[in-house]
Structures are given as structure tokens and as C-alpha cells.
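> Input file: coords-v3.pdb. Contents: PDB, C-alpha atoms.
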```pdb
MODEL        1
ATOM      1  CA  MET A 298      19.070  -0.640  11.968  1.00  0.00           C
ATOM      2  CA  VAL A 299      17.059  -1.650   8.911  1.00  0.00           C
ATOM      3  CA  GLU A 300      19.890  -3.782   7.534  1.00  0.00           C
ATOM      4  CA  LYS A 301      20.484  -5.422  10.910  1.00  0.00           C
ATOM      5  CA  PHE A 302      16.793  -6.249  11.193  1.00  0.00           C
ATOM      6  CA  TYR A 303      16.712  -7.753   7.702  1.00  0.00           C
ATOM      7  CA  ARG A 304      19.733  -9.978   8.397  1.00  0.00           C
ATOM      8  CA  GLU A 305      17.982 -11.271  11.503  1.00  0.00           C
ATOM      9  CA  VAL A 306      14.700 -12.204   9.806  1.00  0.00           C
ATOM     10  CA  GLU A 307      15.637 -12.947   6.187  1.00  0.00           C
ATOM     11  CA  ARG A 308      15.930 -16.716   6.567  1.00  0.00           C
ATOM     12  CA  GLN A 309      12.633 -16.960   8.439  1.00  0.00           C
ATOM     13  CA  LEU A 310      10.529 -15.275   5.774  1.00  0.00           C
ATOM     14  CA  ALA A 311       7.931 -17.090   3.692  1.00  0.00           C
ATOM     15  CA  PRO A 312       6.902 -15.890   0.212  1.00  0.00           C
ATOM     16  CA  PHE A 313       3.757 -14.380   1.748  1.00  0.00           C
ATOM     17  CA  VAL A 314       4.046 -12.310   4.903  1.00  0.00           C
ATOM     18  CA  LEU A 315       1.405 -11.054   7.329  1.00  0.00           C
ATOM     19  CA  TYR A 316       2.624  -8.332   9.634  1.00  0.00           C
ATOM     20  CA  GLY A 317       1.349  -5.466  11.728  1.00  0.00           C
ATOM     21  CA  SER A 318       0.557  -1.774  11.577  1.00  0.00           C
ATOM     22  CA  GLY A 319       0.803   0.128   8.317  1.00  0.00           C
ATOM     23  CA  ASP A 320       3.363   2.311  10.117  1.00  0.00           C
ATOM     24  CA  PHE A 321       5.753  -0.458   9.078  1.00  0.00           C
ATOM     25  CA  HIS A 322       4.719  -0.775   5.440  1.00  0.00           C
ATOM     26  CA  HIS A 323       8.305   0.121   4.504  1.00  0.00           C
ATOM     27  CA  LEU A 324       9.239  -3.453   5.401  1.00  0.00           C
ATOM     28  CA  SER A 325       7.639  -4.485   2.113  1.00  0.00           C
ATOM     29  CA  ALA A 326      10.726  -3.043   0.398  1.00  0.00           C
ATOM     30  CA  LEU A 327      12.759  -5.590   2.380  1.00  0.00           C
ATOM     31  CA  TRP A 328      10.458  -8.507   1.577  1.00  0.00           C
ATOM     32  CA  LEU A 329      10.892  -7.648  -2.115  1.00  0.00           C
ATOM     33  CA  ARG A 330      14.643  -8.227  -1.914  1.00  0.00           C
ATOM     34  CA  ARG A 331      14.034 -11.973  -1.837  1.00  0.00           C
ATOM     35  CA  LEU A 332      12.528 -12.121  -5.324  1.00  0.00           C
ATOM     36  CA  GLU A 333      14.588 -14.173  -7.749  1.00  0.00           C
ATOM     37  CA  GLN A 334      12.857 -12.827 -10.861  1.00  0.00           C
ATOM     38  CA  GLU A 335      11.574  -9.514 -12.121  1.00  0.00           C
ATOM     39  CA  ALA A 336       8.081  -8.624 -10.947  1.00  0.00           C
ATOM     40  CA  ILE A 337       5.443  -5.913 -11.038  1.00  0.00           C
ATOM     41  CA  VAL A 338       4.497  -4.633  -7.590  1.00  0.00           C
ATOM     42  CA  VAL A 339       0.767  -4.053  -7.179  1.00  0.00           C
ATOM     43  CA  SER A 340      -0.085  -2.120  -4.033  1.00  0.00           C
ATOM     44  CA  PHE A 341      -3.575  -1.548  -2.629  1.00  0.00           C
ATOM     45  CA  ASP A 342      -3.181   1.422  -0.304  1.00  0.00           C
ATOM     46  CA  ASN A 343      -4.946   4.571   0.788  1.00  0.00           C
ATOM     47  CA  HIS A 344      -1.597   6.392   0.472  1.00  0.00           C
ATOM     48  CA  PRO A 345       0.859   6.484  -2.443  1.00  0.00           C
ATOM     49  CA  ASP A 346       3.903   6.047  -0.137  1.00  0.00           C
ATOM     50  CA  TRP A 347       6.041   7.892  -2.686  1.00  0.00           C
ATOM     51  CA  ASP A 348       7.393  10.786  -0.601  1.00  0.00           C
ATOM     52  CA  ILE A 349      10.912  11.816  -1.613  1.00  0.00           C
ATOM     53  CA  ARG A 350      11.699  13.630   1.647  1.00  0.00           C
ATOM     54  CA  PRO A 351      13.588  12.093   4.595  1.00  0.00           C
ATOM     55  CA  PRO A 352      13.538   9.789   6.399  1.00  0.00           C
ATOM     56  CA  ARG A 353      14.785   7.259   3.871  1.00  0.00           C
ATOM     57  CA  TRP A 354      13.023   4.339   5.570  1.00  0.00           C
ATOM     58  CA  CYS A 355       9.434   5.049   6.561  1.00  0.00           C
ATOM     59  CA  CYS A 356       5.944   3.970   5.591  1.00  0.00           C
ATOM     60  CA  GLY A 357       5.432   7.099   3.506  1.00  0.00           C
ATOM     61  CA  SER A 358       8.432   6.570   1.215  1.00  0.00           C
ATOM     62  CA  TRP A 359       8.935   2.827   0.870  1.00  0.00           C
ATOM     63  CA  VAL A 360       7.831   2.754  -2.793  1.00  0.00           C
ATOM     64  CA  ASN A 361      11.043   4.629  -3.651  1.00  0.00           C
ATOM     65  CA  ARG A 362      13.125   1.952  -1.929  1.00  0.00           C
ATOM     66  CA  ALA A 363      11.261  -0.697  -3.917  1.00  0.00           C
ATOM     67  CA  LEU A 364      11.957   1.094  -7.200  1.00  0.00           C
ATOM     68  CA  GLU A 365      15.693   0.925  -6.440  1.00  0.00           C
ATOM     69  CA  LEU A 366      15.636  -2.872  -6.567  1.00  0.00           C
ATOM     70  CA  PRO A 367      16.658  -4.564  -9.842  1.00  0.00           C
ATOM     71  CA  CYS A 368      13.875  -7.130  -9.459  1.00  0.00           C
ATOM     72  CA  VAL A 369      11.127  -4.450  -9.469  1.00  0.00           C
ATOM     73  CA  LYS A 370      10.027  -3.493 -12.983  1.00  0.00           C
ATOM     74  CA  LYS A 371       7.235  -1.160 -11.900  1.00  0.00           C
ATOM     75  CA  VAL A 372       5.050  -0.261  -8.927  1.00  0.00           C
ATOM     76  CA  SER A 373       1.322   0.335  -9.402  1.00  0.00           C
ATOM     77  CA  VAL A 374      -0.611   1.756  -6.432  1.00  0.00           C
ATOM     78  CA  TRP A 375      -4.412   1.515  -6.392  1.00  0.00           C
ATOM     79  CA  GLY A 376      -6.997   3.198  -4.183  1.00  0.00           C
ATOM     80  CA  CYS A 377      -5.260   6.313  -2.871  1.00  0.00           C
ATOM     81  CA  GLY A 378      -7.920   8.383  -1.163  1.00  0.00           C
ATOM     82  CA  ASN A 379      -5.966  11.018   0.705  1.00  0.00           C
ATOM     83  CA  PHE A 380      -4.488  14.350  -0.359  1.00  0.00           C
ATOM     84  CA  GLU A 381      -0.944  13.282  -1.259  1.00  0.00           C
ATOM     85  CA  CYS A 382      -1.677  12.702  -4.947  1.00  0.00           C
ATOM     86  CA  TRP A 383      -3.029  16.202  -5.510  1.00  0.00           C
ATOM     87  CA  TRP A 384      -1.660  19.716  -5.577  1.00  0.00           C
ATOM     88  CA  PRO A 385       0.139  20.976  -3.572  1.00  0.00           C
ATOM     89  CA  ARG A 386       1.232  17.848  -1.659  1.00  0.00           C
ATOM     90  CA  GLN A 387       2.049  15.951  -4.832  1.00  0.00           C
ATOM     91  CA  ILE A 388       5.205  18.073  -5.176  1.00  0.00           C
ATOM     92  CA  PHE A 389       6.712  15.841  -2.461  1.00  0.00           C
ATOM     93  CA  GLY A 390       5.956  12.677  -4.441  1.00  0.00           C
ATOM     94  CA  ASN A 391       8.206  10.804  -6.832  1.00  0.00           C
ATOM     95  CA  ARG A 392       6.800  12.472  -9.930  1.00  0.00           C
ATOM     96  CA  ARG A 393       9.894  11.591 -11.951  1.00  0.00           C
ATOM     97  CA  ALA A 394       9.239   7.872 -11.574  1.00  0.00           C
ATOM     98  CA  GLU A 395       5.601   8.501 -12.480  1.00  0.00           C
ATOM     99  CA  ARG A 396       6.557  10.406 -15.636  1.00  0.00           C
ATOM    100  CA  GLU A 397       9.006   7.655 -16.598  1.00  0.00           C
ATOM    101  CA  GLY A 398       6.311   4.996 -16.242  1.00  0.00           C
ATOM    102  CA  ARG A 399       8.095   3.116 -13.444  1.00  0.00           C
ATOM    103  CA  LEU A 400       5.431   4.197 -10.955  1.00  0.00           C
ATOM    104  CA  GLU A 401       1.665   4.407 -11.361  1.00  0.00           C
ATOM    105  CA  VAL A 402      -0.649   5.914  -8.764  1.00  0.00           C
ATOM    106  CA  HIS A 403      -4.414   5.541  -9.066  1.00  0.00           C
ATOM    107  CA  PRO A 404      -6.116   7.982  -6.686  1.00  0.00           C
ATOM    108  CA  TRP A 405      -9.875   8.269  -6.234  1.00  0.00           C
ATOM    109  CA  ALA A 406     -11.182  11.391  -7.975  1.00  0.00           C
ATOM    110  CA  ASP A 407     -14.922  11.090  -7.214  1.00  0.00           C
ATOM    111  CA  GLU A 408     -15.004  14.028  -4.815  1.00  0.00           C
ATOM    112  CA  ARG A 409     -12.562  16.161  -6.793  1.00  0.00           C
ATOM    113  CA  PRO A 410     -13.442  18.748  -9.456  1.00  0.00           C
ATOM    114  CA  ALA A 411     -14.252  17.237 -12.852  1.00  0.00           C
ATOM    115  CA  SER A 412     -10.889  18.440 -14.163  1.00  0.00           C
ATOM    116  CA  ALA A 413      -9.128  16.224 -11.603  1.00  0.00           C
ATOM    117  CA  ARG A 414     -10.283  13.150 -13.462  1.00  0.00           C
ATOM    118  CA  GLU A 415      -7.791  14.085 -16.173  1.00  0.00           C
ATOM    119  CA  ARG A 416      -4.948  13.426 -13.742  1.00  0.00           C
ATOM    120  CA  ARG A 417      -2.801  10.511 -14.831  1.00  0.00           C
ATOM    121  CA  GLY A 418      -4.089   7.330 -13.203  1.00  0.00           C
ATOM    122  CA  ALA A 419      -7.165   8.900 -11.581  1.00  0.00           C
ATOM    123  CA  ILE A 420     -10.068   6.509 -10.979  1.00  0.00           C
ATOM    124  CA  VAL A 421     -13.724   6.905 -10.030  1.00  0.00           C
ATOM    125  CA  ARG A 422     -16.116   4.474  -8.467  1.00  0.00           C
ATOM    126  CA  LEU A 423     -18.175   3.886 -11.611  1.00  0.00           C
ATOM    127  CA  ASP A 424     -15.332   2.684 -13.825  1.00  0.00           C
ATOM    128  CA  TRP A 425     -12.343   1.713 -11.676  1.00  0.00           C
ATOM    129  CA  GLN A 426     -12.914  -1.976 -12.382  1.00  0.00           C
ATOM    130  CA  ARG A 427     -12.734  -1.387 -16.118  1.00  0.00           C
ATOM    131  CA  ARG A 428      -9.449   0.448 -15.631  1.00  0.00           C
ATOM    132  CA  PHE A 429      -8.123  -2.302 -13.412  1.00  0.00           C
ATOM    133  CA  LEU A 430      -9.057  -5.023 -15.908  1.00  0.00           C
ATOM    134  CA  ALA A 431      -7.170  -3.152 -18.635  1.00  0.00           C
ATOM    135  CA  PHE A 432      -4.163  -2.896 -16.319  1.00  0.00           C
ATOM    136  CA  VAL A 433      -4.276  -6.627 -15.559  1.00  0.00           C
ATOM    137  CA  LYS A 434      -4.570  -7.516 -19.239  1.00  0.00           C
ATOM    138  CA  ASN A 435      -1.569  -5.346 -20.098  1.00  0.00           C
ATOM    139  CA  LEU A 436       0.567  -7.253 -17.614  1.00  0.00           C
ATOM    140  CA  SER A 437       0.387 -10.200 -20.037  1.00  0.00           C
ATOM    141  CA  GLY A 438       0.995 -12.934 -17.509  1.00  0.00           C
ATOM    142  CA  ALA A 439       3.810 -11.161 -15.657  1.00  0.00           C
ATOM    143  CA  ALA A 440       5.048 -12.173 -12.235  1.00  0.00           C
ATOM    144  CA  VAL A 441       3.320 -10.009  -9.626  1.00  0.00           C
ATOM    145  CA  TYR A 442       4.058  -9.101  -6.023  1.00  0.00           C
ATOM    146  CA  VAL A 443       0.946  -7.879  -4.198  1.00  0.00           C
ATOM    147  CA  THR A 444       1.049  -5.759  -1.069  1.00  0.00           C
ATOM    148  CA  ILE A 445      -2.148  -4.789   0.753  1.00  0.00           C
ATOM    149  CA  ASP A 446      -2.366  -2.081   3.376  1.00  0.00           C
ATOM    150  CA  LEU A 447      -5.721  -2.550   5.083  1.00  0.00           C
ATOM    151  CA  ASP A 448      -6.216   1.212   5.237  1.00  0.00           C
ATOM    152  CA  CYS A 449      -7.302   1.010   1.590  1.00  0.00           C
ATOM    153  CA  LEU A 450     -10.571  -0.472   2.919  1.00  0.00           C
ATOM    154  CA  ARG A 451     -13.624   1.297   4.289  1.00  0.00           C
ATOM    155  CA  SER A 452     -13.811   1.721   8.050  1.00  0.00           C
ATOM    156  CA  GLU A 453     -16.571  -0.920   8.122  1.00  0.00           C
ATOM    157  CA  ASP A 454     -14.176  -3.490   6.674  1.00  0.00           C
ATOM    158  CA  ALA A 455     -10.901  -2.768   8.497  1.00  0.00           C
ATOM    159  CA  VAL A 456      -9.682  -0.795  11.511  1.00  0.00           C
ATOM    160  CA  THR A 457      -6.248   0.764  11.071  1.00  0.00           C
ATOM    161  CA  ASN A 458      -3.983   3.466  12.469  1.00  0.00           C
ATOM    162  CA  TRP A 459      -4.675   5.734   9.490  1.00  0.00           C
ATOM    163  CA  GLU A 460      -7.535   7.247   7.512  1.00  0.00           C
ATOM    164  CA  SER A 461      -9.801   4.681   5.888  1.00  0.00           C
ATOM    165  CA  GLY A 462      -9.956   4.192   2.132  1.00  0.00           C
ATOM    166  CA  ARG A 463     -12.838   3.423  -0.221  1.00  0.00           C
ATOM    167  CA  PHE A 464     -12.397  -0.154  -1.332  1.00  0.00           C
ATOM    168  CA  THR A 465     -14.824  -2.738  -0.001  1.00  0.00           C
ATOM    169  CA  LEU A 466     -13.780  -6.266   0.842  1.00  0.00           C
ATOM    170  CA  ASP A 467     -15.724  -7.394  -2.223  1.00  0.00           C
ATOM    171  CA  ASP A 468     -13.628  -4.997  -4.316  1.00  0.00           C
ATOM    172  CA  LEU A 469     -10.341  -6.437  -3.117  1.00  0.00           C
ATOM    173  CA  GLU A 470     -11.539 -10.023  -3.464  1.00  0.00           C
ATOM    174  CA  TRP A 471     -12.506  -9.285  -7.051  1.00  0.00           C
ATOM    175  CA  ALA A 472      -9.197  -7.535  -7.819  1.00  0.00           C
ATOM    176  CA  LEU A 473      -7.092 -10.349  -6.365  1.00  0.00           C
ATOM    177  CA  SER A 474      -9.105 -12.945  -8.285  1.00  0.00           C
ATOM    178  CA  GLU A 475      -8.608 -11.051 -11.550  1.00  0.00           C
ATOM    179  CA  LEU A 476      -4.891 -10.658 -10.923  1.00  0.00           C
ATOM    180  CA  ARG A 477      -4.477 -14.333 -10.156  1.00  0.00           C
ATOM    181  CA  HIS A 478      -6.580 -15.397 -13.139  1.00  0.00           C
ATOM    182  CA  VAL A 479      -4.327 -13.675 -15.678  1.00  0.00           C
ATOM    183  CA  ASN A 480      -0.945 -13.355 -13.936  1.00  0.00           C
ATOM    184  CA  ARG A 481       1.267 -15.155 -11.439  1.00  0.00           C
ATOM    185  CA  ILE A 482       1.195 -13.838  -7.871  1.00  0.00           C
ATOM    186  CA  ILE A 483       4.601 -15.075  -6.763  1.00  0.00           C
ATOM    187  CA  ALA A 484       4.759 -13.359  -3.358  1.00  0.00           C
ATOM    188  CA  GLY A 485       3.049 -10.696  -1.307  1.00  0.00           C
ATOM    189  CA  ASP A 486       2.130  -9.282   2.053  1.00  0.00           C
ATOM    190  CA  ILE A 487      -0.689  -7.781   4.091  1.00  0.00           C
ATOM    191  CA  CYS A 488      -0.208  -5.124   6.746  1.00  0.00           C
ATOM    192  CA  GLY A 489      -2.182  -2.272   8.245  1.00  0.00           C
ATOM    193  CA  ALA A 490      -4.329  -3.794  10.996  1.00  0.00           C
ATOM    194  CA  PHE A 491      -4.655  -1.505  14.005  1.00  0.00           C
ATOM    195  CA  SER A 492      -1.832  -1.688  16.524  1.00  0.00           C
ATOM    196  CA  ALA A 493      -1.661   0.345  19.725  1.00  0.00           C
ATOM    197  CA  PRO A 494       1.363   2.651  19.279  1.00  0.00           C
ATOM    198  CA  VAL A 495       4.408   2.134  21.490  1.00  0.00           C
ATOM    199  CA  TYR A 496       7.310   4.594  21.381  1.00  0.00           C
ATOM    200  CA  ALA A 497      10.966   4.209  22.316  1.00  0.00           C
ATOM    201  CA  ARG A 498      11.615   7.965  22.497  1.00  0.00           C
ATOM    202  CA  TRP A 499       9.589  11.117  23.078  1.00  0.00           C
ATOM    203  CA  LYS A 500      10.604  12.421  19.646  1.00  0.00           C
ATOM    204  CA  GLN A 501       8.936   9.392  18.068  1.00  0.00           C
ATOM    205  CA  ARG A 502       5.744  10.099  19.978  1.00  0.00           C
ATOM    206  CA  PHE A 503       5.816  13.765  19.005  1.00  0.00           C
ATOM    207  CA  ALA A 504       6.354  13.056  15.286  1.00  0.00           C
ATOM    208  CA  SER A 505       3.778  10.277  15.243  1.00  0.00           C
ATOM    209  CA  GLU A 506       1.053  12.255  16.955  1.00  0.00           C
ATOM    210  CA  ILE A 507       1.525  15.118  14.493  1.00  0.00           C
ATOM    211  CA  ASP A 508       1.438  12.810  11.479  1.00  0.00           C
ATOM    212  CA  HIS A 509      -1.379  10.454  12.431  1.00  0.00           C
ATOM    213  CA  PRO A 510      -5.046  11.412  12.142  1.00  0.00           C
ATOM    214  CA  LYS A 511      -7.054  11.790  15.324  1.00  0.00           C
ATOM    215  CA  LEU A 512      -9.517   8.913  15.091  1.00  0.00           C
ATOM    216  CA  SER A 513     -12.035   7.488  17.533  1.00  0.00           C
ATOM    217  CA  ARG A 514     -11.486   3.820  18.329  1.00  0.00           C
ATOM    218  CA  LEU A 515     -13.746   0.843  18.865  1.00  0.00           C
ATOM    219  CA  GLU A 516     -13.297  -1.632  21.673  1.00  0.00           C
ATOM    220  CA  SER A 517     -10.304  -3.934  21.134  1.00  0.00           C
ATOM    221  CA  THR A 518     -12.488  -7.022  20.756  1.00  0.00           C
ATOM    222  CA  GLU A 519     -14.509  -5.357  18.003  1.00  0.00           C
ATOM    223  CA  ILE A 520     -11.343  -4.192  16.240  1.00  0.00           C
ATOM    224  CA  GLN A 521     -10.009  -7.731  16.327  1.00  0.00           C
ATOM    225  CA  ARG A 522     -13.282  -9.156  15.024  1.00  0.00           C
ATOM    226  CA  ILE A 523     -13.471  -6.757  12.062  1.00  0.00           C
ATOM    227  CA  ASN A 524      -9.848  -7.224  11.047  1.00  0.00           C
ATOM    228  CA  THR A 525      -9.992 -11.004  11.427  1.00  0.00           C
ATOM    229  CA  VAL A 526     -12.913 -11.133   9.000  1.00  0.00           C
ATOM    230  CA  ALA A 527     -10.925  -9.093   6.488  1.00  0.00           C
ATOM    231  CA  LEU A 528      -7.856 -11.294   6.782  1.00  0.00           C
ATOM    232  CA  LYS A 529      -9.827 -14.516   6.491  1.00  0.00           C
ATOM    233  CA  ARG A 530     -11.319 -13.277   3.231  1.00  0.00           C
ATOM    234  CA  LEU A 531      -8.191 -11.793   1.682  1.00  0.00           C
ATOM    235  CA  TRP A 532      -5.367 -14.086   2.758  1.00  0.00           C
ATOM    236  CA  PRO A 533      -6.505 -17.208   0.841  1.00  0.00           C
ATOM    237  CA  LEU A 534      -6.823 -15.187  -2.371  1.00  0.00           C
ATOM    238  CA  LEU A 535      -3.367 -13.712  -1.922  1.00  0.00           C
ATOM    239  CA  ALA A 536      -1.406 -16.743  -0.764  1.00  0.00           C
ATOM    240  CA  GLU A 537      -3.292 -19.777  -2.110  1.00  0.00           C
TER     241      GLU A 537
ENDMDL
END
```
Turn this file's structure into C-alpha cells for me.

Amino acid sequence: MVEKFYREVERQLAPFVLYGSGDFHHLSALWLRRLEQEAIVVSFDNHPDWDIRPPRWCCGSWVNRALELPCVKKVSVWGCGNFECWWPRQIFGNRRAEREGRLEVHPWADERPASARERRGAIVRLDWQRRFLAFVKNLSGAAVYVTIDLDCLRSEDAVTNWESGRFTLDDLEWALSELRHVNRIIAGDICGAFSAPVYARWKQRFASEIDHPKLSRLESTEIQRINTVALKRLWPLLAE
């Protein structure tokens, strides 16, 4: 099904793609297939999306599909705020790729024990920008693909189908500006805006309702207003 879908849409795709719910973030691994040169993938996401368990194609494991592509030199994920980067759930992550340096995850450690800040890639609010600047400098002008899942933002700045992250819109604007100043953003995408779930089968509904957090929702007009503000601020910096 994934391959059939890609054949249908491949010729219609622009270098920069705006699409829907973060439930479909795995489509980023398809958008990456179009790259004609090697690139570093920089992902802003509240989840590492590095799960090695089935299914092969899902929003929680798409980073592994990206790492299989010859055009992807490395994936660097910034802003993970949930539990998947920490023991015991990290045992389901692609730790091999992390040890080999092909994958970096940068989870927030502010609310973790002090020892957690020793975890590879861990960031805290007070110095994450310093760490990010060092990362950007080390890219040395490389070609970059940027993917943004809006769930990396605070609930005030974006409404999504998942738990909210800790970045502010100002944070992401700054990060995109720094990336573009030093490197070449050759392509990218934004996903993650709230979408009312629709299911083809009862098994889908069952699995989804177990996996998704139980969140209260604003009125649809307010959701649209908040997410439109976010997109209007981020899209020009990504795709200019």
C-alpha cells in the first residue's frame, strides 16, 4: 500500500511538503526518496520515532526507514519530551544507529534526575540553544532536510493529536534561521496539525485509541486559528 501510494503522488510532490496529522509522519521517509544528493535530516519532534518493533511503516518508526536510504547521512531529532528516550522504553528504540552515530536524539532532561543529563544528546532549557548552535556549526554547510512535527511545540502554539512538546514558536523560528544561515535547506516538510481521526476498520480504532493520549480539545475554529498562526510563522523560514 505504501509503495502504491508513493507511485501515485511522486510526480506531484514539491521540494517542501505540508501535510496532515502526525499519525502520518512516516510519509517523510517517502518524501526523502526524492533527494538527489546526500543530506542530514533534522527533525523537530516530541517523539524520537525510532521504534524497531512492527509495523514497518508507522509514525513511530519512520526514522528507521529514513536511515535505510542511501541519500540520508544521519538523522538528528530535537525536542523529544516523552518517555521513549528513557529507560525502560528506550530498549525499543534504534540504539544501534545511535551508538554508530547515524542517529542522534536530543530529549529534554529538565524534569529528569540530574544523572539523566548525562544521557547522550540530552538537552535542558537553559543551554539547548548552545548545543544546537554547535550542532549546526559541525554540519559545515551540509545539505539539510528539515521535518517538523507540530507536536514538538507547546500546547499554546500548536494543537495536535499527540502530547505537546516544549519548544515555543520563537524557538523554532530561531533554530530554522540558524540552520539556514550556515547550511542549505534543500527540502523539508511540516506535519502534525490536529486532524479528526477516521478509521477504515475497528482494529485501527482499537489500536489508535490505546496508543493516543486522552486529550481535551478546543473548538475547531480555535484549533484552526492556533495552527494557522504556527504555519504562517514557520513555513516561510522552512521553504523560502
> Measuring between only C-alpha atoms, which one of A:Ser452, A:Asn435, A:Asn361, A:Gln387 shows the shortest distance to Arg399 of chain A?
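Between A:Ser452, A:Asn435, A:Asn361, A:Gln387, the residue approaching Arg399 of chain A most closely is A:Asn361.
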> Name the residues captured by the PyMOL selection byres ((chain A and resi 474-484) around 6) when it is applied to the shown file; answer as a list in words.
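Against this file, the PyMOL selection byres ((chain A and resi 474-484) around 6) returns the residues Pro312, Phe313, Gly438, Ala439, Ala440, Val441, Tyr442, Trp471, Ala472, Leu473 and Gly485 of chain A.
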> Would you mind telling me which residue in A:Phe491, A:Trp499, A:Phe341, A:Trp384 lies nearest to Asp468 of chain A when using all atoms listed in the file?
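Of A:Phe491, A:Trp499, A:Phe341, A:Trp384, the one nearest Asp468 of chain A, counting all atoms listed in the file, is A:Phe341.
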> Using all atoms listed in the file, which residues sit within 10 Å of segment 500-508 of chain A once same-chain residues fewer than 5 positions away are excluded, as a VMD selection string?
chain A and resid 320 459 494 to 495
> Go ahead and write the selection's residues with C-alpha atoms as a CSV table (one decimal), in the frame of the given file.

```csv
chain,number,residue,atom,x,y,z
A,320,ASP,CA,3.4,2.3,10.1
A,459,TRP,CA,-4.7,5.7,9.5
A,494,PRO,CA,1.4,2.7,19.3
A,495,VAL,CA,4.4,2.1,21.5
```
> Could you please determine the separation between atom CA of Gln521 of chain A and atom CA of Thr444 of chain A in Å, to one decimal place?
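Those two atoms sit 20.7 Å apart.
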> Counting only C-alpha atoms, what is within 12 Å of Glu408 of chain A, bar same-chain residues fewer than 2 positions away, as a short mmCIF file (atom, residue, chain, number, x, y, z; two decimals) with C-alpha atoms, keeping the file's coordinate frame?

```cif
data_model
loop_
_atom_site.label_atom_id
_atom_site.label_comp_id
_atom_site.auth_asym_id
_atom_site.auth_seq_id
_atom_site.Cartn_x
_atom_site.Cartn_y
_atom_site.Cartn_z
CA GLY A 378 -7.92 8.38 -1.16
CA ASN A 379 -5.97 11.02 0.70
CA PHE A 380 -4.49 14.35 -0.36
CA PRO A 404 -6.12 7.98 -6.69
CA TRP A 405 -9.88 8.27 -6.23
CA ALA A 406 -11.18 11.39 -7.98
CA PRO A 410 -13.44 18.75 -9.46
CA ALA A 411 -14.25 17.24 -12.85
CA SER A 412 -10.89 18.44 -14.16
CA ALA A 413 -9.13 16.22 -11.60
CA ARG A 414 -10.28 13.15 -13.46
CA ALA A 419 -7.16 8.90 -11.58
CA ILE A 420 -10.07 6.51 -10.98
CA VAL A 421 -13.72 6.90 -10.03
CA ARG A 422 -16.12 4.47 -8.47
CA ARG A 463 -12.84 3.42 -0.22
#
```
> With the file shown as input, list the residues that the PyMOL selection byres ((chain A and resi 323) around 9) selects, as a list in words.
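That selection, the PyMOL selection byres ((chain A and resi 323) around 9), comes back as Gly319, Asp320, Phe321, His322, Leu324, Ser325, Ala326, Leu327, Asp346, Trp354, Cys355, Cys356, Gly357, Ser358, Trp359, Val360, Arg362 and Ala363 of chain A.
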> So which residues get picked by the PyMOL selection byres ((chain A and resi 432) around 12) here, written as a VMD selection string?
chain A and resid 337 339 373 to 375 401 403 418 425 to 431 433 to 439 472 475 to 476 479 to 480
> Need the shell around Ala493 of chain A: protein/DNA/RNA residues with any atom at most 10 Å away, counting only C-alpha atoms. Skip same-chain ones fewer than 5 positions apart. Format as a list in words?
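With the cut-off at 10 Å, the set is Ser318, Thr457, Asn458 and Ser517 of chain A.
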> What's the separation between atom CA of Ala455 of chain A and atom CA of Cys377 of chain A, in Å to one decimal place?
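That distance, rounded to one decimal, is 15.6 Å.
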